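Take a look at the structure below.
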Amino acid sequence: MKGKITIIGSGNVATHLASAFINRGFEIVQVFSRNIENATVLANSVEAEAIDDLSLLNNSSDLYIISVSDSAINDVLAKMPNVDGIVVHTAGSVGIEMLNRFNQYGVFYPFQTFTKEKEIDFKTIPLLVEGSTDEILKYLKEIASQLSENVIKADTFQRKNVHLSAVFASNFVNHLYSVADKLLNSNGISFDILAPLIRETTEKALSMNPVNAQTGPAQREDFNIIDNHLDILKNSQNEFDIYKLLTESIISYKK
């Protein structure tokens, strides 16, 4: 199954989706961005037309993918004309009902963190899909299966919880890397020292239950070390609070 696709957006997700579709033999008809330069860069890479006015959206595509920030979806919908094709968004925490003014609509949520400059194997990315009808769901699953080997039917509530889990597992963890980097740099040590530890911790979390993989002073309830760490952080209130909160949470999970 191939088809014509319009991409509404030019950010990280839109860029990787456009590339994945082109690599699977789909045709990208148009790329929209509020910034025509951004639209042009992405459109040129997939041999599509660049537009910065949604009234210029053509009605020949089979699939219209709204891939913008959650806060920008309403603005796009307010300016987007009715189209005959299927309209989807790519947001994890936005309900399918946002698109219910269209005759055909759904959700096409790639569950991954994206950066334009970093290549990624789309086959490994979970794609969560939902359709306004069984027929549309079937179509989206067929399209998704050409991009990914891991296609999952997920309703709005399920997607919101998946997205929430990602904030804990990715965004919060990455922030903790930033805290660790700050502590190391202030003592003249490179963040690289943590690389083997990060890899081993990640591999353990993926190969066994994360609760069972937990180690460290909080897991052992070694309050001498915990108090020592808190003393080091006493002049850094933000880091002090983070350490204390996470320590209490680890102990609570253990019990």
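The way I read the labels, and the way they are meant: chains A, B, ... in the order of the structure tokens, residue 1 as the first residue of every chain, and ligand 1 as the first ligand shown, with later ones counted on from there.
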- Which residues, written as a VMD selection string, have at least one atom at most 8 Å from segment 229-233 of chain A, with only C-alpha atoms counted and residues fewer than 4 positions away on the same chain left out? chain A and resid 225 237 239 to 240 243 to 244
- Message: Can you pull out every residue from segment 35-245 of chain A that DSSP, working from the backbone, puts in strand (DSSP E), and format the result as a list in words?
- Response: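 Residues meeting the strand (DSSP E) criterion: Glu49, Ala50, Ile51, Leu63, Tyr64, Ile65, Ile66, Ile86, Val87, Val88, His89, Tyr105, Gly106, Val107, Phe108, Tyr109, Pro110, Leu127, Leu128, Val129, Glu130, Gly131, Val151, Ile152 and Lys153 of chain A.
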- Message: Which residues are close to Gly92 of chain A, i.e. within 12 Å by only C-alpha atoms, leaving aside same-chain residues fewer than 4 positions away? Reply as a ChimeraX atom specification.
- Response: /A:67-70,88,96,107-113,127-130,154-167
- Message: So, with only C-alpha atoms as the atoms that count, which of A:Asn23, A:Ser170, A:Asn238, A:Asn12 lies closest to Gln146 of chain A?
- Response: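 Smallest distance to Gln146 of chain A is found for A:Asn23.
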- Item | helix (DSSP H, G or I) call set, DSSP backbone run, segment 38-162 of chain A, as a ChimeraX atom specification | /A:38-45,54-56,70-79,96-99,122-124,134-145,156-162
- Message: List the spatial neighbours of segment 35-39 of chain A as a PyMOL selection string - criterion: any atom at most 7 Å away, only C-alpha atoms, same-chain residues fewer than 6 positions off excluded.
- Response: chain A and resi 10+50-52
Would you pick out the contacts of Tyr105 of chain A at 7 Å or less, using only C-alpha atoms, so that residues sharing its chain but fewer than 5 positions from it are not included, and give the list as a PDB file with C-alpha atoms, in the first residue's frame?
ATOM      1  CA  ILE A  86      -7.628  10.973   6.537  1.00  0.00           C
ATOM      2  CA  VAL A  87      -6.358  13.553   9.030  1.00  0.00           C
ATOM      3  CA  VAL A  88      -4.174  12.413  11.928  1.00  0.00           C
ATOM      4  CA  LEU A  99     -10.061  16.039  14.852  1.00  0.00           C
ATOM      5  CA  ASN A 100     -13.748  15.125  14.828  1.00  0.00           C
ATOM      6  CA  GLY A 131      -8.898   5.465  14.063  1.00  0.00           C
ATOM      7  CA  SER A 132     -12.312   7.098  14.158  1.00  0.00           C
TER       8      SER A 132
END
- Message: What's around segment 71-74 of chain A at 12 Å? Count only C-alpha atoms, leave out sequence neighbours fewer than 2 positions away in its own chain, and write the answer as a list in words.
- Response: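 Contacts, with the query itself left out: Ile8, Gly9, Ser33, Arg34, Ile65, Ile66, Ser67, Val68, Ser69, Val76, Leu77, Ala78, Lys79, Met80, Val88, His89, Thr90, Ala91, Ser93, Val94, Gly95, Ile96, Glu97, Met98 and Leu99 of chain A.
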- Item | Residue neighbourhood Gly216 of chain A, 12 Å, only C-alpha atoms, exclusion window fewer than 5 positions, as a list in words | Thr201, Glu221, Asp222, Phe223, Ile225, Ile226, Leu246, Thr247, Ile250 and Ile251 of chain A
